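Presented below is the structure to which this report refers.
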Amino acid sequence: MFLKDIAQRMNAELVDCDPETWIESVAPLDNAVKGDISFFTNVKYKDVANKTRASAIMVSKKDAGMLSGLPLMLVESAYLAMAEVSMFFMQDTRPAPGIAKNAYVANDAVIDESATVLPMAYVGSKAQIGSKTVICPGVVVEDNAIIGKDCLIYPNCSILRGCRIGNRVIIHSGSVIGSDGYGFTPDGSSYRKIPQTGIVQIDDDCEIGAGNTIDRATFGKTWIKRGVKIDNLVHIAHNVEVGEDTLLVAQVGISGSTKIGKHCIIAGKTGIVGHIEIGDDVIIGGRSSINKSLASGSIVSGTPAVPHRDALKVYATIPKLPEMRRQITQLTKQVQDLQKKLAEVSGGHK
Amino acid sequence: MFLKDIAQRMNAELVDCDPETWIESVAPLDNAVKGDISFFTNVKYKDVANKTRASAIMVSKKDAGMLSGLPLMLVESAYLAMAEVSMFFMQDTRPAPGIAKNAYVANDAVIDESATVLPMAYVGSKAQIGSKTVICPGVVVEDNAIIGKDCLIYPNCSILRGCRIGNRVIIHSGSVIGSDGYGFTPDGSSYRKIPQTGIVQIDDDCEIGAGNTIDRATFGKTWIKRGVKIDNLVHIAHNVEVGEDTLLVAQVGISGSTKIGKHCIIAGKTGIVGHIEIGDDVIIGGRSSINKSLASGSIVSGTPAVPHRDALKVYATIPKLPEMRRQITQLTKQVQDLQKKLAEVSGGHK
Amino acid sequence: MFLKDIAQRMNAELVDCDPETWIESVAPLDNAVKGDISFFTNVKYKDVANKTRASAIMVSKKDAGMLSGLPLMLVESAYLAMAEVSMFFMQDTRPAPGIAKNAYVANDAVIDESATVLPMAYVGSKAQIGSKTVICPGVVVEDNAIIGKDCLIYPNCSILRGCRIGNRVIIHSGSVIGSDGYGFTPDGSSYRKIPQTGIVQIDDDCEIGAGNTIDRATFGKTWIKRGVKIDNLVHIAHNVEVGEDTLLVAQVGISGSTKIGKHCIIAGKTGIVGHIEIGDDVIIGGRSSINKSLASGSIVSGTPAVPHRDALKVYATIPKLPEMRRQITQLTKQVQDLQKKLAEVSGGHK
């Protein structure tokens with residue numbers, strides 16, 4: 001693509017660069033070569049920008065002053081522009097529509113004619129696959145599962161019986177949608193299984209990372225709402241609800257029936273107990289342990305979780321614990337000594 | 001099913017309801033509609049029960065007084081009854097017996113004629129599949145693995161060479177049974193692999209969650225004993241033993257050669273070091289770190305783990321740490337001040 | 001194998017045993033029977049060694065004195081010898097070369113004639129599989145992925161588009177190599193995906209455990225260097241680098257763009273934030289939280305991580321917290337009391 005064409009599509013201004021430059025790809029400042037367009041998103045990379053071999057640098061207008069003399073493309077947000085321009089260069093790798101000869105598709109499955117089912121995939125009875133959706137090799141879509149349009153289901157995912165996936169959903173490799181919830185009831189000395197009769201519903205525009213396990217509901221549905229983005233190896237138990245545009249970072253675990261609001265950020269390795277409610281716009285720091293409901297707008301961290309500002313003080317104090325204990329021991333002796341001496345003084349005084 | 005038939009199969013008494021009611025399904029109190037049977041298992045849902053549209057409510061005899069006037073079915077345990085009656089309504093979704101044309105089954109594999117091997121499954125040489133067991137799509141059963149009767153192996157599981165699965169075992173999607181244990185020995189500057197020659201043995205009536213990784217033994221066997229129920233994304237290292245009817249909740253990790261007793265409950269995200277012994281009837285709280293053996297009957301929590309009652313006090317104290325540190329600093333100054341003043345008083349006194 | 005032949009291959013001396021003994025397998029001291037060769041690697045098993053029924057015991061020369069009178073094979077390192085001799089008895093289970101009829105291999109994939117592609121595996125367009133490499137059932141190798149020679153890719157792994165795997169690499173079941181990095185940028189009220197255009201590169205002699213998720217780079221590559229050994233359920237984010245011969249134990253998580261040096265040991269459940277550098281020869285204890293760069297040779301533990309020696313003291317102090325708090329309360333009262341009494345004494349004294 002010519003640089004001028006990129007600028008036009010982005011409605012961006014070019015400064016100190018040749019609009020006729022042929023751009024081959026997007027690359028970070030340090031790795032860019034001639035023919036690449038790069039991006040400046042962090043003040044600390046100013047020196048790197050001055051040495052880059054990129055043919056142009058996307059920069060937010062407010063930061064342009066820092067890079068005067070360099071070949072710039074001025075945009076509102078360099079980060080967003082990087083995301084958009086990268087998309088221009090992504091080859092459309094979507095495979096041709098159709099059902100591969102080596103795939104298994106049940107006779108009564110409903111596959112849109114613009115969808116793709118690749119070899120070694122399985123689509124069960126009465127399952128539905130929407131338009132332009134791609135089912136990769138090794139994916140299993142069980143009976144009665146419904147997948148919307150423009151979805152991309154990566155290799156070796158399992159979309160189990162009756163689960164419902166919206167439109168423009170991406171599910172990364174190895175994830176399991178609709179495993180049975182962990183429900184057992186004591187039956188004398190051992191446990192009896194509680195049938196898990198519900199489903200998982202994932203709404204439009206969600207992205208589910210690799211190696212996730214999202215359990216079906218005991219009754220009703222486990223519900224991942226529009227725009228939720230989940231990282232890898234996250235566990236979501238039965239009957240959980242996750243609100244719109246919430247982010248769940250890697251290795252988070254959420255126990256049964258908990259409801260999480262919209263626009264939350266739950267950082268990595270955090271664990272949340274069952275049957276609580278997390279409000280909207282809540283931010284939870286990494287490796288936190290949440291064992292009670294949180295009001296909207298809460299920002300918390302730690303085990304147990306406290307307001308994040310307090311958690312920073314707790315974390316700063318923990319390494320001082322042995323010293324604190326020594327001080328307490330010393331103070332105890334000093335106070336006993338003082339008590340004794342004061343008694344002497346008081347006694348002598350009488 | 002007619003309500004009277006459910007009552008008869010459960011050996012339960014009907015109160016204030018029409019035995020001729022046709023029941024379509026089991027549903028929780030708040031979602032139930034006419035034609036549903038519901039269940040009352042928690043006193044805090046008494047108000048919900050009074051508003052339910054369910055045609056009948058299963059209730060433990062001891063709690064029936066709370067719901068007088070409502071259409072009740074009196075049982076010993078409402079929770080157990082819910083599990084049992086739900087089972088009546090589960091459609092028997094077990095697919096027809098036989099080996100699908102699109103499955104791969106080695107010539108010398110032994111598949112019971114009442115077992116099902118679905119399309120895209122793989123069964124290796126000398127592997128055995130017992131009666132009525134279902135091998136779902138994408139499952140790989142390697143050479144010499146043995147799976148008992150009435151098992152359900154969900155999509156994309158890997159049951160690796162020589163592992164042995166008992167009867168009535170359920171393994172959820174994506175789980176790996178028999179990956180190599182993590183065994184290496186330093187060999188100058190890098191590491192040499194220690195061959196993992198053992199197997200994994202899973203006994204009768206176990207349920208293994210989705211995305212589990214259970215490693216084969218270095219020698220002998222990693223052993224999951226009868227009735228163990230495991231949640232999702234749990235890691236079990238080589239040569240571990242887990243005793244009968246023990247529960248392992250999501251994201252637990254157990255290091256090599258550790259032995260866990262029977263009837264234990266290990267809550268989510270707990271980590272247990274290798275080469276220790278956990279007794280019977282032990283309860284370990286969520287996100288605990290267990291680094292030494294625990295006697296039978298222990299109830300512990302925390303990092304490091306202490307008796308649960310003490311752990312609650314520790315957790316209550318942690319948020320007070322910055323305040324405690326300020327108090328210690330203040331006390332130190334006050335004591336120095338007291339020492340100085342007392343010296344003056346004593347000195348003046350002499 | 002005759003014992004004398006094992007001794008010769010190991011260049012080892014036999015003491016008090018019959019070189020003509022026929023050895024069937026390697027077994028630990030407690031389970032060994034006649035015809036087994038065992039190994040002595042830990043002083044605490046001296047009593048077990050005295051009762052073993054093994055026909056010979058591999059023992060490091062320096063420890064031989066402890067086992068006098070027993071049938072011994074003297075070696076430099078009993079642990080290394082156990083690993084090597086076990087290898088003698090591993091049946092060569094590598095399947096015959098060739099592409100199974102039930103596998104899918106794209107016309108333009110390049111499969112070495114000595115490689116094996118088993119049934120139900122998928123190899124995409126322009127993918128390359130090196131000599132003697134085995135692609136197990138259910139594995140998906142996407143377009144343009146390159147796998148070297150003598151690799152073993154276990155069932156149901158996903159090696160995604162364009163990723164590069166070196167020689168003698170083992171990847172255990174269910175692992176995902178090349179899932180998209182977790183990259184989104186706020187776009188008003190929701191998030192826009194940042195295309196992940198890079199790859200994962202895994203160098204020679206690595207072993208990747210079961211259920212791992214290793215994300216592709218945003219640009220460039222996520223890089224696992226020669227000899228790295230990873231346990232199960234480990235998450236590695238985009239653009240991470242892991243240095244030669246580093247060990248990552250189960251359930252570790254590493255956030256984006258972090259660089260880890262060589263010869264490190266990162267113990268289980270540890271979490272490492274993004275954009276930091278861990279030096280060479282660093283050891284990090286289990287369940288640690290690393291939120292800043294660490295110099296080479298650091299040995300740290302805890303949340304927050306501190307030098308391991310200090311962490312042991314912190315862990316020892318944590319259970320004392322409630323007692324410490326009581327002591328502080330008591331000291332505060334005692335000091336107030338002292339202040340009051342001293343004021344009386346001083347006042348009376350004036």
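A note on labels: chains of the structure tokens are A, B, ... as shown, every chain counts residues from 1, and ligands are counted from 1 in their shown order.
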- Using only C-alpha atoms, determine which residues of chain C fall within 6 Å of chain A; present them as an NGL selection string. :C and (182 or 190 or 194 or 314)
- Task: Pick out the residues sitting within 7 Å of Gly162 of chain C, and hand them over as a ChimeraX atom specification; count only C-alpha atoms, and ignore anything fewer than 5 positions along from it in its own chain.
- Result: /C:143-146,199
- Task: Would you please extract all strand (DSSP E) residues from segment 124-164 of chain A, as assigned by DSSP on the backbone, and give them as a PyMOL selection string?
- Result: chain A and resi 128-129+134-135+140-141+146-147+152-153+158-159+164
As a compact mmCIF listing (two decimals) with N, CA, C and O atoms, in the first residue's frame, please: the residues near segment 57-64 of chain A (cut-off 10 Å, only C-alpha atoms, same-chain neighbours under 3 positions excluded).
```txt
# COMPACT_ATOMS: atom_id res chain seq x y z
N ALA A 7 -2.82 6.93 4.82
CA ALA A 7 -3.19 8.21 5.45
C ALA A 7 -4.63 8.58 5.13
O ALA A 7 -5.39 9.02 6.00
N ALA A 12 -5.65 10.84 8.15
CA ALA A 12 -4.51 11.31 8.94
C ALA A 12 -3.62 12.22 8.10
O ALA A 12 -3.58 12.12 6.88
N GLU A 13 -2.89 13.09 8.79
CA GLU A 13 -2.00 14.03 8.13
C GLU A 13 -0.58 13.47 8.11
O GLU A 13 -0.10 12.91 9.11
N LEU A 14 0.10 13.63 6.97
CA LEU A 14 1.50 13.19 6.86
C LEU A 14 2.42 14.40 7.04
O LEU A 14 2.16 15.47 6.49
N VAL A 15 3.47 14.22 7.81
CA VAL A 15 4.44 15.30 8.06
C VAL A 15 5.84 14.79 7.78
O VAL A 15 6.22 13.72 8.30
N CYS A 17 7.14 13.24 5.36
CA CYS A 17 7.40 11.96 4.71
C CYS A 17 6.82 11.95 3.30
O CYS A 17 5.93 12.74 2.96
N VAL A 26 3.48 -3.30 9.17
CA VAL A 26 3.58 -2.54 10.42
C VAL A 26 4.64 -3.22 11.28
O VAL A 26 4.68 -4.45 11.34
N ALA A 27 5.48 -2.45 11.95
CA ALA A 27 6.51 -3.04 12.81
C ALA A 27 6.83 -2.10 13.94
O ALA A 27 6.69 -0.88 13.81
N PRO A 28 7.27 -2.65 15.08
CA PRO A 28 7.66 -1.78 16.20
C PRO A 28 8.92 -0.99 15.84
O PRO A 28 9.70 -1.39 14.97
N LEU A 29 9.12 0.12 16.54
CA LEU A 29 10.20 1.05 16.21
C LEU A 29 11.56 0.38 16.08
O LEU A 29 12.32 0.67 15.15
N ASP A 36 8.51 -0.12 6.24
CA ASP A 36 7.57 -0.39 7.33
C ASP A 36 6.98 0.92 7.83
O ASP A 36 7.63 1.96 7.81
N ILE A 37 5.76 0.85 8.34
CA ILE A 37 5.20 1.95 9.11
C ILE A 37 5.22 1.51 10.57
O ILE A 37 4.94 0.36 10.89
N SER A 38 5.65 2.42 11.45
CA SER A 38 5.75 2.08 12.87
C SER A 38 4.81 2.96 13.68
O SER A 38 3.97 3.67 13.11
N PHE A 39 4.92 2.92 15.01
CA PHE A 39 3.99 3.65 15.88
C PHE A 39 4.71 4.04 17.16
O PHE A 39 5.57 3.31 17.66
N PHE A 40 4.35 5.21 17.69
CA PHE A 40 4.98 5.75 18.90
C PHE A 40 3.89 5.86 19.97
O PHE A 40 2.97 6.67 19.84
N THR A 41 3.98 5.03 21.00
CA THR A 41 2.88 4.98 21.98
C THR A 41 3.37 5.22 23.40
O THR A 41 2.58 5.21 24.33
N ASN A 42 4.68 5.39 23.57
CA ASN A 42 5.20 5.48 24.94
C ASN A 42 6.42 6.40 24.96
O ASN A 42 7.39 6.17 24.23
N VAL A 43 6.33 7.42 25.79
CA VAL A 43 7.37 8.44 25.85
C VAL A 43 8.75 7.84 26.05
O VAL A 43 9.75 8.35 25.55
N ALA A 49 12.73 5.92 18.78
CA ALA A 49 12.08 6.53 17.62
C ALA A 49 13.10 7.29 16.77
O ALA A 49 13.05 7.24 15.54
N THR A 52 14.90 4.82 14.55
CA THR A 52 14.16 3.82 13.76
C THR A 52 14.42 3.98 12.26
O THR A 52 14.69 5.09 11.77
N ARG A 53 14.35 2.87 11.53
CA ARG A 53 14.49 2.91 10.08
C ARG A 53 13.13 2.87 9.39
O ARG A 53 13.03 2.73 8.18
N ALA A 54 12.06 3.00 10.18
CA ALA A 54 10.71 2.97 9.61
C ALA A 54 10.52 4.13 8.63
O ALA A 54 11.07 5.22 8.83
N LEU A 67 8.67 14.30 18.40
CA LEU A 67 9.36 13.60 17.32
C LEU A 67 9.62 14.50 16.12
O LEU A 67 9.70 14.03 14.99
N SER A 68 9.77 15.80 16.36
CA SER A 68 9.89 16.72 15.22
C SER A 68 11.11 16.35 14.36
O SER A 68 12.15 15.96 14.87
N GLY A 69 10.91 16.44 13.05
CA GLY A 69 11.98 16.09 12.12
C GLY A 69 11.87 14.67 11.59
O GLY A 69 12.45 14.33 10.56
N LEU A 70 11.10 13.83 12.30
CA LEU A 70 10.93 12.45 11.83
C LEU A 70 9.74 12.37 10.89
O LEU A 70 8.85 13.22 10.93
N PRO A 71 9.68 11.33 10.06
CA PRO A 71 8.55 11.18 9.13
C PRO A 71 7.32 10.69 9.90
O PRO A 71 7.30 9.55 10.37
N LEU A 72 6.32 11.53 10.04
CA LEU A 72 5.19 11.23 10.92
C LEU A 72 3.87 11.11 10.18
O LEU A 72 3.65 11.76 9.16
N MET A 73 2.98 10.29 10.76
CA MET A 73 1.58 10.30 10.36
C MET A 73 0.79 10.63 11.62
O MET A 73 0.79 9.85 12.59
N LEU A 74 0.12 11.79 11.61
CA LEU A 74 -0.57 12.26 12.83
C LEU A 74 -1.96 11.67 12.94
O LEU A 74 -2.78 11.82 12.02
N VAL A 75 -2.24 11.02 14.07
CA VAL A 75 -3.55 10.39 14.28
C VAL A 75 -4.08 10.77 15.65
O VAL A 75 -3.37 11.38 16.46
N GLU A 76 -5.33 10.43 15.92
CA GLU A 76 -5.89 10.74 17.24
C GLU A 76 -5.22 9.88 18.31
O GLU A 76 -4.76 10.38 19.32
N SER A 77 -5.20 8.55 18.08
CA SER A 77 -4.59 7.64 19.04
C SER A 77 -3.66 6.70 18.28
O SER A 77 -4.09 5.92 17.43
N ALA A 78 -2.37 6.80 18.58
CA ALA A 78 -1.39 5.98 17.86
C ALA A 78 -1.66 4.49 18.10
O ALA A 78 -1.44 3.65 17.23
N TYR A 79 -2.14 4.14 19.28
CA TYR A 79 -2.36 2.74 19.62
C TYR A 79 -3.51 2.16 18.81
O TYR A 79 -3.40 1.10 18.19
N LEU A 80 -4.61 2.94 18.77
CA LEU A 80 -5.76 2.52 17.96
C LEU A 80 -5.37 2.45 16.48
O LEU A 80 -5.75 1.51 15.77
N ALA A 81 -4.61 3.45 16.03
CA ALA A 81 -4.22 3.48 14.62
C ALA A 81 -3.35 2.27 14.29
O ALA A 81 -3.51 1.65 13.22
N MET A 82 -2.45 1.90 15.21
CA MET A 82 -1.62 0.72 14.99
C MET A 82 -2.52 -0.51 14.80
O MET A 82 -2.31 -1.33 13.90
N VAL A 85 -4.33 -0.11 11.29
CA VAL A 85 -3.46 -0.26 10.13
C VAL A 85 -2.91 -1.69 10.04
O VAL A 85 -2.78 -2.26 8.95
```
